[in-house]
Each structure stands twice: as C-alpha cells, then as structure tokens.
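Please read the structure below before turning to the comments.
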Amino acid sequence: MITYIVRRLLMIPLLLLAISLVVFSMGQLLGPDLLVSAYINPNVAERMTAEQLNSLKEKYGLNDPMPVRYAKWLSNTLKGDLGWSQVGKEPVLDAILNRLPYSIEIALWALFPIIGFSIWMGVKAAVKHNTFFDHFIRVFTLIGWSFPDFVFGIFILLFFYGVLGWFPPGVISVEGFQIMRSPEFTNYTGMITIDAIFNWRWDIFIDGLRHLIAPILTISYLWWAYLLRITRASMLEVMRKDYVRTARAKGVSEKNVVHKHAKRNALIPVVTVSGQFIIGLIMGVIIVETVFNRPGFGRLTANAAQTLDYSTVMGSLLFTSIIMIVGNLIVDVTYALIDPRIRLE
Amino acid sequence: MKKFFVLLFAILLTVSMFSQVPNPDRFFYATFGDADTLDPHEAYDTSSNEILYNLYDNLIRYDGERIDAFLPMLSTAVPTEDNGYIRNDGRTYVFPIRQGVKFHNGATLTPQDVEYTFKRAIIHSSPSGPISYMLIPKFLGVQDITDKAAEYVGVSWADMIDADGDAKPEYRERLINFYNDVIDPLVIVEGNEVHLNIQDPSASFLFILAHGGSWASILNKDWMIKEGNWDGKADGWWKYYYPQKEESPLFEKAMGTGPFKLVDWNKAQQRFELERFDDYWRGPAKLKTVIRQGIDEWATRRTMLERGEADIIMEIAMYMDQMEGRENEGIKVLKGLGDLTSIVLNMTWEVKADSRYIFSGRLDGQGVPPDFFTDKNVRLAFQHLINYEAIINDVLNGNGMRMATTLAKPLLGYSEEIAYPEFNLKIAENYFRRAYRGRLWDTGFKIGVLYNIGNDIRRTVAEMVRDNLARINPRFQAEVIGLQWAAYLDARNNKEMPVYALGWAADYPDPTNFINVYYSSEGYYGVAYGDSYKVFSNQPQPFFGGASLDAYINLAAKELDQDKRAEMYERIQQFVVGEAIAIPLYQPTSVRFMRDWVQNFIFNPIRPGYDFWELYKE
Amino acid sequence: MNKEEIKRALRKIVKNPTAMLGFVLLIIFIIVAILAPIIAPPDYPIESNLKEVEDALDDFDLSKKTDILFYFNNYLNSEYQFIMMDYPDLMELKDTLTKYEKNEVSFDELYFLTSELASYYIIDRYYLNRLTENVNSALKELKREISRQENIYKEAIRIKTEIEKLENTSDNNFKKQAETLHKNIYKSYIKKINYDPYIMRKVTNRNEPQPPSSEYKFGVSGGRDIFYGVIWGTRTGFKIGLIVVLISSSVGIFLGSIAAYFGGIVDEIIMRITDIFLSIPFFLGAMVITTILGTGLDKVMISMTVLGWMITARLIRGNILQTKNEQYVLAAKAIGVSDWKIIIMHILPNTIFPVIIQASMRIGGLVITAAALSFLGLGSPQGYADWGSILSYSRDWMSPENWYIIVIPGVAMILFVLAWNLVGDSLRDIFDPKMRM
C-alpha cells in the first residue's frame, strides 16, 4: 500500500508535465491571432491596425514556435514565476492565491450539507424503497439537478436577499471588509470564517457566514440529486446481497443491518463520485460566484479560458491538476480501505 | 438530529439579524467589470476612465452639461484667439497654471508638473493606449514616437534598441539629440505658463485636453520620479517607451489633484475604494467614501439597488422596463440623455477571399463574392431593409435616436435637414433586383452576419437583418454568427467579416471623431473596408467640386471657420447617405438607474461615469 | 438471457409503477419529437405562385384548371428563368473545356469565353481569376460549377415536363396529379433555400418576455415562441442526450473495464490518460475543438463526447475492481473462460448499474451544457431550439410575473430527466442478476 501511494505521488510531476504540454499545445492550435486578444483592451481593439497587433504579438512572444514558448513557460514556472494574469490584473500566482481561499471556503462549508444530506436521505430512501417518501425526495432533488445552475442562484438571491434581506451578495459587508483590512486583523488563510475564528472575532465570523449561506444553499440543491441517487441505488443493490440476507437471518436488527453492514459497502460508488465532485465543487462554482459576487477561483479560470488569457489558464491548470490527481489518489486508496478485497498493485 | 436542526435554525436566525447600515457619506456604485489600469496614458476603457476622472484634474473642463464650452481648471484661463492664449496661427496654446493647488500627498502643483506630464505621455506612447490616437498625432504628426525617432536618426527603432530596452551605444547620442531637438520644444515653461506647441492648427485640440479625457490628467513629477519612472531628462528617455502595462508605476497607484484619493483596489473583488481629499482646491466633496465595485450579474446589481445597498448601478437600456415606474420604491430612472455614440452596421467592401463568413465566396446561392459590398446596389438594398424604428422602439425601449449618418447629435455639422434612410422592403427588393444584372435575385446568396458574444443588441440587429432578408427573398440566407471576443477581433482585423454591427463612442466631441473614422479611407473603420474603398474615396467627385471624398474630409478637419465647417460636414453627410457607405443604426440615449436620494447629477455625454465631487445623498 | 428471463424482466417492469411512469413519459416525449412538425409547424416561407396553386386546389373545380397551370408555369419561369436562358452558354463552355483538355482550343479562347460568361454573371468572376492562377484546379472547379448548374437545369426540365403532362391529363386525374406535383415542387423549393426548422424564429424584437396568449401558447422569451422551442427542443434533447451519452459512455466503459480488469501497467496508463483529459478545462477544450472544426450542433456533440467519457471510465473501474475478486469471476477464470468473455458476460452486467445511473442523469443536463456553449458562440447557432437556450434567455428577466419563462421549459426538462432516471432504474433491475429468480 505504502509503495503504491509513494509511486503515485512520484508520478505527479510527470503527469503535470504531460497535462501542461497538452493544454499548452491546445493554445498553439488556436494560433497567435486569437491569443493576442487577451492582451488587448476591448475598447481599443476595434481601432488597432494589423501592425500594432503584430507588435503586440512580438512583445508577448506569441509568434515564437511552440517549443520555445513552452520551454520559456516551463523554466519560468520552475522558478516560481507564473507570469501575469490579464484577467486578474496581478501576477498569476497572486491572482490564484487571492481567490482560491474563497472557493475552498464554500467547498468546505458545503461539503457537510451536501454529503451529509445526500447519504442520510439516500440511505433512507433506499430503506423506504417505493414509498411516498422515496418518490418525493427523488423528484424534489431532481428539480435541482434539471435546471441550469443560475436559475436557483438567482431565485435564492431574489428571495432571500431581495425580499427578505437576510443573505446579501458579496463575501462580507463593507464594515467587515474595513475591519479585515485594518492592522488589528491578521489574515492567515484568506478564508473569512476560518480567519475570523483565529482572530477570535465572532462578529466577522457571523458576517462571513451570513454571506455564505445563500451560495451553499444553491450549490447543495444542485448536487443533492446526483449524490442521493447514487447512494440510494447503491444501497438498494447492496441490500439484496447475500451477506445482508445472512445478517438479517441471524437476527441482527434492521438498524444495524443498514448502518453496520450495508452502508459501508454501498459507499464505494459514492466515494468515486465524491472525489470527482469535490474537485468539481472548487472549480465549478462559477455561477454561484457570479450571482453572489464572490471572487473565486472558478470564476477566474472560467474568465481566463474565455478570454484566452493563457498565463492564467496554465497557472490554474497546475493547481487543479494537482488537486485532481491527489484527489483521485485518495479515492483509489479509499477503495482499498473500504473493501479489503481490492488490492492495489 | 433534532437538536442539530434547532441549532442550525438558531444560527440562521442570529445571522440574518445583522444588516448593513445605510450611510449618507458613503456612495456605492455597482457596475460591470474591472478597470484595466490606472495609468492615464495607458487607460482607454470606461471603467479605468471613470476612476481616473475623480482622481485627477485636467487643464480645462467642460462647462456643466455643455460639450462646446470650457471652463478653466488647473489652468486659470481657457485659451482662445481673443484672449491671446492661442498664438502662432493656432500652433501654440498657452496655459497659465493655477497657484495653490495641492496633490494628494500635500505637494503643490507647478508648471513643471504639467510639462512633465505631456512629455511623459509622448515618451510613453503606447500604441494600444489613447496617447497615440489623441496626443501624439497633434504633437508630432505621426502616431508612434518611434517612427519619428527612426526618421530623425535614419535607422529603424528595432535596430537602435537592444534586447534589454536600452539604446545601443552608437545611437545613444543621437537619441539624446532627438529628445532635445524634437520632444523638448513641444512643451515649454515660461514663468507660470505652460506652452504646448502642436504641428498643425487643429479645431479639436482643446477637446482633447479637457477633463473627461483622462489621458490629459496632470501628474506629479517628483512623485513619478520617486516611483521609478522617467526622470525628466534627455538621457535614457527611450527606456520608458511602451512598458508592459503592469510595469507602469501608475498601474495601481495614483497621485493626482482630484477630489478623491485612492484607498484600495482589490482586484479579486473588482472593487475600488476612494476617499475624500480634504484639501481639494475647489473645496472638499460632500461624499466621504466612494466604492465602485464590478458586479457582473445583472440580477444581483438590480437587487442591490432595490435594497438600497447600491446607490447607482450600471445602466442597460434593454432592461429599462424592469426599473421604470418604481418611484414609490425609491428608484429613479433618468432617460433621454444623448450619448455621443453611434451604433453602425458596417459593410466590408473587400472581404478576405477565404473568409468562412462568405461561405462559398461565389455568386452561386451558397455564398457571396468577396466584393459583394462594392456594388452600390447591394449597399443601398441593405440600407433599406433595416427597420430602424423597430430597433429603437422595440429593442431599445425607445432609448435611441435616428441618425442619418454616423455623426452624433449635437456635434458640429449635425443637421436635421439630412434625410434619414428609409425602411422599405420594396425599395430594397428593387435594388437587389438590379444587382449583378438581375442574377442576384435569381441565384440568391448566403452571408454571415456577425456580432460579438455578450452584446445582445448587436445580436438582435443581426437577427433582424437575417429575418428581413428572408422576407424579401427566401433565397437570401443570412446566418447570425456570434463570435467570442478573441475570434471577433481577429476576424475584423483580417477583413473576414462581410457585415457586422459595431459602435463608436466619441473620444472628444468633435466631428472629426466620427466623420474621419467612418468615411475617410484612413479612418479606423475606413481602413477596414478594404482597398477598393480606398480607390473609391480617392476618386474625384463632382459633388465636391472635383475633390475626392478623402480630400474633402481632410479640408473640413482643418477649417477654422465654424459655419463654413458645418456646411462642409453637411455636404459630406449627404454624399455618404446616397452612397450607403456605412449604415448608422441609432444613436443611443442613455439611461441612468439610481436611488432617489442621489442628488445633483449633471449629465455630460463626454464624461465617463460619474462626477463624485458633485454628487451627494439626501 | 433467454426468453423466460426476458419475459420475467418485462413483467417486473410492468408491475413497477415508477418504471411504467418512466417509460410512459419517454414514449410521450418520443411521440412529441416525431410529431413536432405537426404540433408546432415551422414557418415555412411562402412562394406566392405555389400558394395560389394550393388555394385553388383546396377549393377546386374544373374552371380553375387554367389558373393552376398558369401559376405552375409562373413558378417555373420565376425560379428557373435564368438557367433556361444560360444553358446553351454553359454547354458551350463545357464543350470548350473538353476541347481545351484535348488541346483543340487555345487558353486564350477558353479565357475569352469564360470572361464573357463572367461579365454576364452566368458564372462568378472567381473562376476567371482562378484560370490565371492555377489552370488545373480552375478546370476542375469550373466543371463542378457547370454540373451544379446542369442539375438545376435538369430539375427545371423535369418540372416543365411534369407540368406539360398535367396539361394533357384527363379531367378526372387532374386534381390528384396537381396535388402530387405541388407537393413535390414545394419540397424541392424548401430544399433549395436550406430552411432550418430548428432555428427558433424571432416573433418580436422586444426582449422582454411576454405571457402566454392565444397566439403564443407558452409565451415569448428572448423574442422567441416558447411553445415552438419546447416542442422542437424535444428532438434536440434526444439527439444530444442519446448520441453524446451513448458514445461517451461506451468509450468510458471500454477503457474503464480494460483498466480495471487487466490492472497493472494497463491500468496505470489508462488512468493517467483519464487524469490528463480530466484536467483539460471544459470550455477551453470546446473552444479549441470549435476553432478547428467549426461551429454547429454536431461539433458541440463532439466536444461533449471527447471531454465527457472520463467519469464513466472511473466509475466502472471502481466497480470492477470490487467485482473482479468475486467468487463467480474467480470461478469462471478457473474454468478457463477467456478474459473478454468474462468481462462482457459476467463483470459488466454486474457493475454497470452506477454507469447507467450516471448516464441517465447526464442525458438531461447535456442540453443545458449545449446551450451554454451556444451562448458562448462555441456551438450551435443562436436561437437553436433546445430547452437550455430558452432557459438561458430567462437569466436577466427572472421575476414572479415572468414565471412561464422558467417554469415551462423547466418542467419539460424535469420530466425528461425524470423519465430517463426512472428508466435507468428499471434497467438496473433487469441487469441485476439477483433479480433473476
């Protein structure tokens, strides 16, 4: 097991190299004409002549052949210089590190309601198979899954903020922001609620939390259906297995059958999906970040991809790749831990 | 489980009790996107200019809502021929500098600051910034200082400068001489006066300098030098030519004399915080703090305005219906304010032969030939198939005005006498029937009508063109193609787009900013029509007494007699309407969405954003 | 599975109410999709002459015979007038081309003739320029163009002959023959103008939504008829959903099962390739694909397939890792059953249920992704009829008065996704070997 983990970890740099090469070449396929637009201000763009555009291309090295450009990027990256982010207006590394905490914060807080609720309800629905409860919970969560993500975001915004005024957009109030900027507050992680705890400022904690609830509600509703369904189906499958029947025959209480025997094995597909899902959470909260006006990593990468800001794209890619590779590794290891029959070679 | 829910509910309840306190000293402006840079010589986008307007002052400013009259600002007089401050047949402008004006750091404004500002602008000279469009042509007659330097030294710029951006030793001396001979005399300080010397007399120079054009903001020389920028000397000036945007010391810092100081620019949040400068020479502003934040989602901005957490939000004419008639909720909508912008449907006379947007590229019903729009019949047909009234009434909810040509009202030369092109499908049909000796009607065509993604108005116009073409003749097929910004730009510069909608906002309120741009073959859009347009615009026209269109346009730009000039522009406009050179769609009249407690908003079409020194809340 | 098992499986489905609901919903959707042109007839352009014929045929009596023939001939003339006129010249050009290839005429003569035709726009000037650039390809392209025009001419002649036949037909047969002729001509007319019924036409220039009315049963959103969009969107939903899911799932299943079953280095390589693909940002990938291949609905589907197989692969791999050590697999191996047979007959049926679930859940959501891509200009043209597009128009107009712009397409989506979910569940029931009793 240990060798397996170590081997996987050692492969990370190799993988990163391959991934960065693939995505970088994709940019090459787009060509310098498209890539140069990231460096131009839209206002000016319609006024520029071909010569001016060419000088811009020269300046940012877009006309160089790909191996040269890639080598330059690689050597800079290894030195720690990820370049300048056009969409972030600061160095790429700073742009990412300034925004990543916000996305992680949502992901962390959202994890509990999403996974907790899905597993709890999924198991319950499987146990109460084909009852009204089962049908209701399935349709209810399915509504969240079927719509495009902005629908619920805006709906929740309009209701909880527009009508009730409870959960405003943004990450923190203006006053809170000024407190956080002042010398009396130290920023450790960049995550508002966590830093508030470290600084022992409960007013900031509640302020931050208040701004988190609506986004979390939105994301949760979007994801419940997916995880719930997998859990439920997996539970149904497992409940029919021989060892479950045996346990029942032995006289084990239904509660124990469900929780001690069935649940553990039902969770394997859930684990697989969760790995993907957590990564998706950090990356895919773009809509929530846009609607609730939170500066996040997801939004940064989405904007970078759209405007072809390749420095930012490559920088974000490194982060997401590491998260994903490590995430998949954890998932694979968890398989082996949950099911002793699985042997990792 | 139950306990968990009770706890959860309690937390939620507590949390929702807190709410933001309304604050009369603090102004919140919710808009879209972020500023590009705070360097006045680099910034060319509205978001940057909005901020710069409140951080810096210029030499002169516009009088209230007027765009044709000036008031002194950092200069104590507005130069005119009568007061003798315009000399040398219009080639020298004299500005006596005001005393006792303070910068944000306490330093006092001197004429040397003004001198440094303009020289630095010329040296900085970024080809993608406003200086090369506005100031450098006036001062040097060319758009790029490197061209002038190359001319002077006799060697191309690339050959004079080495890889690190420093001058090669053999050219150093000559570059220093270039500065002393060519750049230095452009701006001279005499006592407390600054003299600006331009190449040719220009009717638009004062417009370029006025407050609202952030490229003419006055900087502080000492502060700039301390921050590591050009030291004002001849030796080494070339090192400060066209730095990367983020390398400018002014990228995220500001030192101006304006009514507000920059407190914070949070890039992640797209948020600017400005604070009142108490020693502002016109007296302190009423507002203490101004926050400008880019909030990209419309529903979010709107809700913030409704809840009173935003005082002004960025306006979008299409959504006016959602905001009107809500005075009882405290929402004020101002409309009918003419923007100095023209939205135009442009036709490329000579499309790149392999462009995918002309499809087959031939007259076979599956495409259009590359010189499709060189045919006057085709252009006139397109001119008559646009339903102008529908665009203004339905798409814009009435927030637009008809335009006969691309010249915006009320600039000099604008005239109600010039007849608007008419929406008439029958006339369009007739022109189509005449084209290509009748074959176009029979064969049909397929053309791509492009717009850039995100611009819904342009998309709607494109769809209207498509639908009307089909109504005239179902064989006239148009495909509405939305391009990502990058691809749109690329297609435009490579002349791949046969027909596309675009907009032009005035840099300064002078007709040259519209007429030259669209109708001269050297104008920004004129260049995009193709070579065949150049041939056309250089042909002698009996309409202009034998002068070509290009020549006549240039004459009008130089004419100093206002009445004569207006007449010339009217003639030009009549000509271009008859030739259907560009199809103006409408002139937007802007709307403003704000809370009713926002007072003293004075509209000026040239000003970017809001004048926070004038505004207050009550 | 033998016949008994199939019968049992079907009985199981029929007995299960939710499964039945799923199938019923699906069948309704299929019917709507098939009947779309009837339920929501597209706005086919009207050709005035053909319209006259149609009206006359509706209210037919023999006195209208001459009128009908008149309009048919009118149509023939207005549509094919030029080709009839140009045909001799085109044939002369064709002839000259062949002669040129046999060196019987000089280049100059060919050029002269071509420029004559070009000056009258019989053929495009492009060919003239081409002749001076590259004679060989010019010849090829000219031949192609001439044959294209020849086909149009042949069509014209065909119609002409049909009309003549009609003129000479007996009074009894006239109506029927005229109707057939009208249908055929109209079909060829529509084909000529490349009408695409999938594009939702704008019914108004205003962007605000308009509530349901007698004219627009579901209301108007983004200037388009919601009813039309929802009905035709059913077809799009099936198209995108089925094709993308089928292909990407197949790829995923294939790769995932190989990786899991064979393990070792095969597993490593495949999983690492999966990692690489998973790292590619979706929109960037879609942008590159559309830049290279162009835009259009099929390119959207390619993007979603190429960038969407990975999760399936990982899912099935996870399950197989678990299953491959089950008793029955080990037993089969011991007997000597070949690896492939084991995979297909034993492992896959037992591990496929999470894949089915995932696949059935994806089907609906793909429409939304496709709409997002088309909004970014990376996919199908603007206004393509799919539910995702209609929902996207609602983004800036959400409010209680505008409920219909969200609820109506939304309900369609929910029912669609629900149907597939229920069907997916019942498929799982079929595949579960424990159910085979």
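By order of appearance in the structure tokens: chains A, B, ..., then residues from 1 within every chain, and ligands from 1 in the order shown.
If you take only C-alpha atoms and a cut-off of 7 Å, the residues of chain C that reach chain A are Gly264, Asp275, Ile276, Ser279, Ile280, Phe283, Leu284, Val288, Thr291, Leu315, Gly318, Leu321, Gln322, Asn325, Pro354, Gly364, Gly365, Ile368, Gly410, Met413, Ile414 and Val417 of chain C.
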query = For chain B against chain C, which residues fall within 7 Å using only C-alpha atoms, given as number ranges by chain?
reply = B: 298-299, 362-363, 394-395, 436, 439, 442, 453, 474-475, 481-484
Expressed in Å to a single decimal, how great is the separation between atom CA of Leu82 of chain A and atom CA of Pro127 of chain B?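 Atom CA of Leu82 of chain A sits 25.9 Å away from atom CA of Pro127 of chain B.
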Within 8 Å of chain A, which residues of chain B show up? Give each one with its shortest atom-to-atom distance in Å (one decimal) and the two atoms involved, counting only C-alpha atoms, rows by chain then rising residue number, as JSON lines.
```
{"residue": "B:Leu12", "atom": "CA", "partner": "A:Arg210", "partner_atom": "CA", "distance": 7.9}
{"residue": "B:Val15", "atom": "CA", "partner": "A:Arg210", "partner_atom": "CA", "distance": 5.6}
{"residue": "B:Ser16", "atom": "CA", "partner": "A:Trp166", "partner_atom": "CA", "distance": 4.7}
{"residue": "B:Met17", "atom": "CA", "partner": "A:Trp166", "partner_atom": "CA", "distance": 7.3}
{"residue": "B:Phe18", "atom": "CA", "partner": "A:Asp207", "partner_atom": "CA", "distance": 7.8}
{"residue": "B:Ser19", "atom": "CA", "partner": "A:Trp166", "partner_atom": "CA", "distance": 7.6}
{"residue": "B:Gln20", "atom": "CA", "partner": "A:Ser173", "partner_atom": "CA", "distance": 7.0}
{"residue": "B:Asp36", "atom": "CA", "partner": "A:Asn41", "partner_atom": "CA", "distance": 7.5}
{"residue": "B:Tyr44", "atom": "CA", "partner": "A:Asn43", "partner_atom": "CA", "distance": 6.5}
{"residue": "B:Asp45", "atom": "CA", "partner": "A:Asn43", "partner_atom": "CA", "distance": 5.5}
{"residue": "B:Pro127", "atom": "CA", "partner": "A:Gln52", "partner_atom": "CA", "distance": 6.6}
{"residue": "B:Ser128", "atom": "CA", "partner": "A:Val44", "partner_atom": "CA", "distance": 6.5}
{"residue": "B:Gly129", "atom": "CA", "partner": "A:Val44", "partner_atom": "CA", "distance": 7.3}
{"residue": "B:Glu246", "atom": "CA", "partner": "A:Lys89", "partner_atom": "CA", "distance": 7.8}
{"residue": "B:Lys267", "atom": "CA", "partner": "A:Gly88", "partner_atom": "CA", "distance": 6.4}
{"residue": "B:Ala268", "atom": "CA", "partner": "A:Pro295", "partner_atom": "CA", "distance": 5.3}
{"residue": "B:Gln269", "atom": "CA", "partner": "A:Pro295", "partner_atom": "CA", "distance": 5.4}
{"residue": "B:Ile295", "atom": "CA", "partner": "A:Asn293", "partner_atom": "CA", "distance": 6.1}
{"residue": "B:Asp296", "atom": "CA", "partner": "A:Thr290", "partner_atom": "CA", "distance": 6.5}
{"residue": "B:Glu297", "atom": "CA", "partner": "A:Val291", "partner_atom": "CA", "distance": 5.5}
{"residue": "B:Ala299", "atom": "CA", "partner": "A:Ile154", "partner_atom": "CA", "distance": 6.9}
{"residue": "B:Thr300", "atom": "CA", "partner": "A:Val291", "partner_atom": "CA", "distance": 6.2}
{"residue": "B:Thr303", "atom": "CA", "partner": "A:Gly162", "partner_atom": "CA", "distance": 5.6}
{"residue": "B:Met304", "atom": "CA", "partner": "A:Gly162", "partner_atom": "CA", "distance": 7.7}
{"residue": "B:Glu306", "atom": "CA", "partner": "A:Gly162", "partner_atom": "CA", "distance": 7.4}
{"residue": "B:Arg307", "atom": "CA", "partner": "A:Gly162", "partner_atom": "CA", "distance": 6.8}
{"residue": "B:Gln484", "atom": "CA", "partner": "A:Gln306", "partner_atom": "CA", "distance": 7.7}
{"residue": "B:Trp485", "atom": "CA", "partner": "A:Thr307", "partner_atom": "CA", "distance": 7.3}
{"residue": "B:Ala486", "atom": "CA", "partner": "A:Ser37", "partner_atom": "CA", "distance": 5.1}
{"residue": "B:Ala487", "atom": "CA", "partner": "A:Leu34", "partner_atom": "CA", "distance": 5.9}
{"residue": "B:Leu489", "atom": "CA", "partner": "A:Ala45", "partner_atom": "CA", "distance": 6.8}
{"residue": "B:Asp490", "atom": "CA", "partner": "A:Asp33", "partner_atom": "CA", "distance": 6.0}
{"residue": "B:Arg492", "atom": "CA", "partner": "A:Glu46", "partner_atom": "CA", "distance": 7.9}
{"residue": "B:Asn493", "atom": "CA", "partner": "A:Ala50", "partner_atom": "CA", "distance": 6.5}
{"residue": "B:Tyr524", "atom": "CA", "partner": "A:Arg47", "partner_atom": "CA", "distance": 5.5}
{"residue": "B:Tyr525", "atom": "CA", "partner": "A:Arg47", "partner_atom": "CA", "distance": 7.5}
```
task: Pick out the residues sitting within 7 Å of Gln366 of chain B, and hand them over as a list in words; count only C-alpha atoms, and ignore anything fewer than 3 positions along from it in its own chain.
output: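 These residues fall inside the cut-off: Phe359, Ser360, Phe445 and Lys446 of chain B.
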In terms of only C-alpha atoms, the residue from C:Phe254, C:Phe282, C:Phe174, C:Trp232 at minimal distance from Ile270 of chain C is C:Phe254
Note to self: If we count only C-alpha atoms and set the cut-off at 8 Å, which residues sit around Met594 of chain B, ignoring sequence neighbours fewer than 3 positions away in its own chain? Please answer as a VMD selection string.
What the structure shows: chain B and resid 305 311 to 313 331 to 333 598
I need the chosen residues saved as an mmCIF file, in the first residue's frame, with N, CA, C and O atoms.
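Resulting contents of out_3.cif:
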```
data_model
loop_
_atom_site.group_PDB
_atom_site.id
_atom_site.type_symbol
_atom_site.label_atom_id
_atom_site.label_comp_id
_atom_site.auth_asym_id
_atom_site.auth_seq_id
_atom_site.Cartn_x
_atom_site.Cartn_y
_atom_site.Cartn_z
ATOM 1 N N LEU B 305 -29.722 47.575 -5.822
ATOM 2 C CA LEU B 305 -30.311 48.904 -5.933
ATOM 3 C C LEU B 305 -31.654 48.932 -5.228
ATOM 4 O O LEU B 305 -31.994 49.877 -4.519
ATOM 5 N N ASP B 311 -26.179 52.714 -4.684
ATOM 6 C CA ASP B 311 -26.823 53.999 -4.960
ATOM 7 C C ASP B 311 -27.046 54.221 -6.443
ATOM 8 O O ASP B 311 -28.013 54.842 -6.844
ATOM 9 N N ILE B 312 -26.100 53.737 -7.231
ATOM 10 C CA ILE B 312 -26.252 53.803 -8.689
ATOM 11 C C ILE B 312 -25.787 52.456 -9.230
ATOM 12 O O ILE B 312 -24.810 51.893 -8.726
ATOM 13 N N ILE B 313 -26.483 51.959 -10.237
ATOM 14 C CA ILE B 313 -25.990 50.745 -10.885
ATOM 15 C C ILE B 313 -25.798 51.006 -12.367
ATOM 16 O O ILE B 313 -26.386 51.929 -12.923
ATOM 17 N N ILE B 331 -36.738 54.236 -6.621
ATOM 18 C CA ILE B 331 -35.842 54.035 -7.762
ATOM 19 C C ILE B 331 -36.106 55.095 -8.813
ATOM 20 O O ILE B 331 -37.227 55.287 -9.260
ATOM 21 N N LYS B 332 -35.034 55.792 -9.154
ATOM 22 C CA LYS B 332 -35.157 56.890 -10.103
ATOM 23 C C LYS B 332 -34.535 56.467 -11.428
ATOM 24 O O LYS B 332 -33.432 55.932 -11.463
ATOM 25 N N VAL B 333 -35.276 56.699 -12.515
ATOM 26 C CA VAL B 333 -34.725 56.395 -13.832
ATOM 27 C C VAL B 333 -34.610 57.689 -14.621
ATOM 28 O O VAL B 333 -35.601 58.386 -14.817
ATOM 29 N N VAL B 598 -30.041 60.240 -4.509
ATOM 30 C CA VAL B 598 -28.835 60.747 -5.156
ATOM 31 C C VAL B 598 -29.154 62.095 -5.774
ATOM 32 O O VAL B 598 -30.072 62.218 -6.592
#
```
Discussion item. I need the residues in segment 164-400 of chain C that are strand (DSSP E) according to DSSP; give them as number ranges by chain.
Written reply: C: 220-221, 224-225
Atoms kept (C-alpha atoms) for selection, written as a JSON list (two decimals), in the first residue's frame:
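And here's selection_21.json as it stands now:
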```json
[["chain", "number", "residue", "atom", "x", "y", "z"],
["C", 220, "VAL", "CA", -42.50, 34.53, -25.61],
["C", 221, "SER", "CA", -38.99, 34.65, -24.20],
["C", 224, "ARG", "CA", -38.99, 33.65, -29.45],
["C", 225, "ASP", "CA", -42.02, 31.41, -29.19]]
```
Discussion item. I'd like the neighbourhood of Thr110 of chain B as a list in words, where a residue qualifies if any of its atoms comes within 9 Å (using only C-alpha atoms), though same-chain residues fewer than 6 positions away should be ignored.
Written reply: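 Once the nearby chain positions are removed, what remains is Ile97, Arg98, Gln99, Gly100, Val101, Asn192 and Asn220 of chain B.
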